[in-house]
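Down below is the structure, laid out as structure tokens.
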Protein chains: 2
Amino acid sequence: MKIGLCQINTIIGNIEYNKSKILSGYKKGVEAGVDLVIFSELALCGYSPQDLIEKDEFRQAVILANIEIAEQTNHVGLLFGTITQEFDNIGTGVYNSAVFCSDGKIQFVQNKTLIPNYDIFDEVRYFESAKEVHVFKFKGEHLGISICEDIWNDADYWKHRLYERDPVQRLVDKGSTVLINISASPYHYGRREERREMLSVLTKTNELPLAYVSCVGGQTDLVFDGASLCLDKKGRLVKIAKNFEEDFIVFDTETDSKALNDIEGTFGEEVLNSLVLGLKDYASKTGFKKALVGLSGGIDSALVTYVAVQAFGKENVHVVMMPSEHSSEGSIKDSEHLIKNLGISSETISIKSLYNEFNTVLESSFVGKERDVTEENIQARIRGTLLMAISNKHDYLLCTTGNKSEMAVGYATLYGDMNGALAIIGDIYKTKVYKLVDYINQNEEIIPQNIITKPPSAELRPDQKDSDSLPPYELLDQILQLYLEDRKGIKRISEIIGDEILVKRILKLVDRNEFKRRQSAPVLRVTTKAFGYGRRFPVVQGWRS
Amino acid sequence: MKIGLCQINTIIGNIEYNKSKILSGYKKGVEAGVDLVIFSELALCGYSPQDLIEKDEFRQAVILANIEIAEQTNHVGLLFGTITQEFDNIGTGVYNSAVFCSDGKIQFVQNKTLIPNYDIFDEVRYFESAKEVHVFKFKGEHLGISICEDIWNDADYWKHRLYERDPVQRLVDKGSTVLINISASPYHYGRREERREMLSVLTKTNELPLAYVSCVGGQTDLVFDGASLCLDKKGRLVKIAKNFEEDFIVFDTETDSKALNDIEGTFGEEVLNSLVLGLKDYASKTGFKKALVGLSGGIDSALVTYVAVQAFGKENVHVVMMPSEHSSEGSIKDSEHLIKNLGISSETISIKSLYNEFNTVLESSFVGKERDVTEENIQARIRGTLLMAISNKHDYLLCTTGNKSEMAVGYATLYGDMNGALAIIGDIYKTKVYKLVDYINQNEEIIPQNIITKPPSAELRPDQKDSDSLPPYELLDQILQLYLEDRKGIKRISEIIGDEILVKRILKLVDRNEFKRRQSAPVLRVTTKAFGYGRRFPVVQGWRS
């Protein structure tokens with residue numbers, strides 16, 4: 001069987017747009033002479049429409065579009081992800097479905113069985129679980145169709161499973177000759193290899209070929225990397241679609257058998273691509289054409305500016321330098337150097353006069369009080385207000401520049417440098433920021449060397465260094481990763497790090513700064529555990545590790 | 001059987017604190033000579049600990065405390081909500097449990113069967129469903145113990161049910177003589193009557209008495225109103241605990257039979273109490289002792305200031321007036337009048353010089369551009385920065401003053417008037433703000449009449465009125481309520497309102513302003529659908545109603 005895998009970039013909720021994407025992809029498949037064209041999970045509504053699904057009007061529009069799509073089909077099969085409804089008196093009656101159409105009609109519907117409800121996934125909120133799975137006969141093959149999570153519960157592969165049921169095993173037992181999985185699988189670094197490895201075991205064990213089609217594109221804080229996979233019945237990866245862009249590939253389940261290798265690029269390449277796509281799609285899907293970054297002279301804003309240039313083109317990126325009395329001369333020079341390297345427009349606004357004026361008008365409020373973090377925050381908030389003003393006036397998308405290490409320990413000013421539409425590197429630890437910059441500079445010096453080598457500083461008081469109040473980033477990031485991604489407790493982290501007092505201090509900072517993160521811009525997710533939607537902690541709580 | 005219902009205010013995650021609450025409540029019950037003392041759902045960890053549950057160290061600490069609590073018991077029974085673990089190789093292995101102890105040991109555990117996963121509830125993320133329910137024999141009675149949601153699926157009461165299983169019916173069928181439900185039921189206006197009505201049908205139908213114990217207190221954005229209920233086997237409400245405060249009541253399942261009425265106060269009384277408790281507990285549980293409000297002269301900030309005075313005491317509330325060139329003289333006078341009425345401290349900081357300075361430094365950025373909403377936002381952000389500076393310097397909790405109507409249509413400035421730790425009235429429509437103020441003023445004029453009668457204005461440009469860009473609030477709020485709480489679509493709302501163009505415009509505003517709400521302070525929830533945790537929409541999406 002020849003299957004066309006259509007890897008598309010949808011807009012969540014824009015049913016007309018997604019429908020036309022599906023129909024033009026189908027046409028491409030028909031022209032290529034395939035038997036069947038397949039699209040990703042919830043392709044018609046985008047992943048994930050979240051509470052849009054609770055709107056009756058939205059569901060009705062999707063269901064109508066299901067039929068309209070089916071009406072456009074001929075003898076070539078079309079399988080796409082969408083929602084369907086089956087009301088009885090219990091539960092939501094809404095399903096996450098794979099709809100199979102041909103000859104102008106919906107021929108078969110397979111609902112999703114395993115409904116993920118962890119990390120960023122909230123699907124139990126919306127969807128009922130399929131009561132049963134069925135094999136669908138088409139052009140001589142028995143298609144075993146599953147949806148995303150359905151295929152991630154293989155008893156042969158997993159020591160610990162999340163669900164009792166194994167719908168794919170059931171499809172195999174029912175005589176599938178070809179497996180199809182339609183997914184919406186968010187990217188994090190390493191995820192692609194995980195997919196391949198698991199699917200390879202599954203196809204090899206069951207001696208069945210598999211077409212795994214996913215979506216691509218940025219959806220607010222999530223990035224879908226595409227890389228749809230085709231595996232033969234010996235478990236070999238024989239076809240793969242492009243990373244981070246739309247693609248159409250054809251899988252011949254009988255003849256494709258040449259194994260592919262090296263499907264995951266370097267950390268620098270992959271993660272940079274994911275950030276660029278995430279930012280680019282946030283902008284294009286909301287109508288922003290230009291980006292704005294506050295350039296401090298530090299490495300974070302330099303990296304974010306580079307990402308913005310990749311996403312928007314250099315002619316559409318504008319930066320603002322906002323020196324204060326504490327800004328080093330080096331910072332301005334380094335920024336100017338970067339601006340020249342990137343070929344972008346810039347302006348400089350000193351915050352000195354505004355800072356003085358704030359101090360003046362607050363004088364009577366602050367009588368008898370020492371200078372403290374308040375004054376540092378004022379500077380950050382002046383800058384945040386200036387950036388928002390320029391963004392408002394000129395319709396720039398303001399890029400938030402904070403990294404994950406800072407967000408973790410609260411080393412950022414709410415309503416100040418945390419301002420912006422999207423936290424581009426909010427899931428990248430400081431040490432990883434350096435890695436990305438090294439990758440960017442591998443062939444020529446784009447980010448000036450001085451930005452990389454000088455000690456990190458917020459420059460909010462004289463001679464301030466990050467290392468005044470934080471441990472070296474190598475150590476900090478190690479602690480954070482053990483705590484956040486690896487979910488280790490204080491005891492285990494202290495054993496590994498060998499400094500319980502430090503570990504306690506850092507973990508306390510993380511726990512205490514939930515209130516800031518609750519009000520942060522959405523964070524582009526590139527690890528297994530990003531701040532934001534997939535990490536839910538009470539703001540007010542008394543647990544101390 | 002004599003059951004002591006212990007209605008306590010826990011701190012999420014503070015296991016030691018909650019444990020001592022449980023033990024001292026138990027002691028009170030022992031002294032009162034009851035047979036059994038009962039506590040609410042997840043009383044030991046607070047509701048809801050959210051992703052704390054995913055921490056192994058946290059779960060271990062809770063499970064250890066379960067045993068420590070049991071060890072303190074004598075012949076009097078103790079039933080409390082907590083988490084337990086039962087690892088097999090499938091699922092989380094974690095349960096939301098009711099643990100029954102006596103004579104120094106855990107005697108019985110009943111896990112929760114129905115795991116809610118809608119609106120603010122995310123329990124499938126953490127908990128497995130009980131495999132079975134069992135009746136527990138104690139002192140001659142057969143106790144049918146259920147947890148919160150378990151009792152909300154009665155086939156006799158609901159036309160549409162969320163779940164197949166009905167654990168309470170099963171407990172009845174298994175011979176229960178007394179029903180017990182331990183809950184954590186968040187407040188919204190009208191909820192108390194709903195609880196009574198449903199439980200009344202259930203107890204009457206099954207001819208069984210019921211002790212329903214809930215918790216009380218503010219937990220970030222949720223308020224639990226207490227009001228634990230006891231119903232006799234004829235479905236009569238015979239005992240009720242206090243609203244919005246801790247309480248201990250004794251229910252004699254055999255002799256209590258005097259029916260109570262009027263358990264829900266007026267909208268003004270109830271909702272005001274819920275806001276005061278929500279703010280008070282946010283502060284006490286995070287360590288804030290003083291509150292700060294930016295006083296504009298409008299009704300929203302006046303109401304919030306009043307709530308702050310109730311929560312903190314007048315000596316701990318400070319307000320700041322920040323007039324601009326667009327502020328009316330009336331606004332200052334009205335604010336001064338309110339300050340006098342409430343007996344609170346205040347200061348006035350003109351933002352004129354700062355506003356001028358922002359315009360000056362931005363002059364070259366704005367060349368050739370018209371004055372627009374940018375300049376209005378600058379004013380709001382200067383005020384937001386001043387308030388945060390005073391809050392930072394003096395450790396005030398900054399109260400956010402925006403109402404639900406504004407948050408809905410985006411009539412608020414991100415990083416400006418949206419600043420603050422908690423959006424006190426973010427779930428109160430403007431028309432309801434007036435209702436609350438009427439209630440406050442019922443005996444004497446506390447909120448000056450002029451604040452109530454003058455037309456609402458943001459005073460960000462000359463002679464600005466809210467009605468310049470928004471329909472009258474009566475109409476706006478009706479549209480919003482139909483859309484947000486009643487979940488009607490554009491077609492139905494247009495039929496009701498009779499102005500499709502207006503409805504379309506308002507719904508578009510709501511949909512487009514998700515990006516602001518994503519970065520808002522937590523909103524105190526007092527309706528069935530508040531902005532924040534219980535309402536999840538993609539920021540980037542193309543659905544237009």
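Chains: A, B, ... in order of the structure tokens. Residues: from 1 per chain. Ligands: from 1, in order shown.
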
- request: Just need the residues of chain B within 6 Å of chain A, counting only C-alpha atoms, so spit them out as a ChimeraX atom specification.
  value: /B:12-14,50-51,57,89-91,117-118,125,160-163,220,374,389,392-393,415,489,519-520,536-537,540-543

- request: For Arg191 in chain B, work out the shell of residues within 9 Å, counting only C-alpha atoms and skipping chain neighbours fewer than 5 positions away, then give it as a ChimeraX atom specification.
  value: /B:185-186,196,264,528

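The gap separating CA of Ala98 in chain B from CA of Arg236 in chain B is 25.2 Å, in Å to one decimal.
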
- request: Could you give me, as number ranges by chain, the residues within 12 Å of Asp262 in chain B, counting only C-alpha atoms and dropping anything in the same chain fewer than 5 positions from it?
  value: B: 190, 192-193, 196, 237, 240

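Using only C-alpha atoms, the smallest distance between any of A:Gly343, A:Gly226, A:Pro455, A:Gly410 and Pro472 in chain A comes from A:Pro455.
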
field: Residue set, range 399-513 of chain B restricted to strand (DSSP E), as a ChimeraX atom specification
entry: /B:399-400,422-423
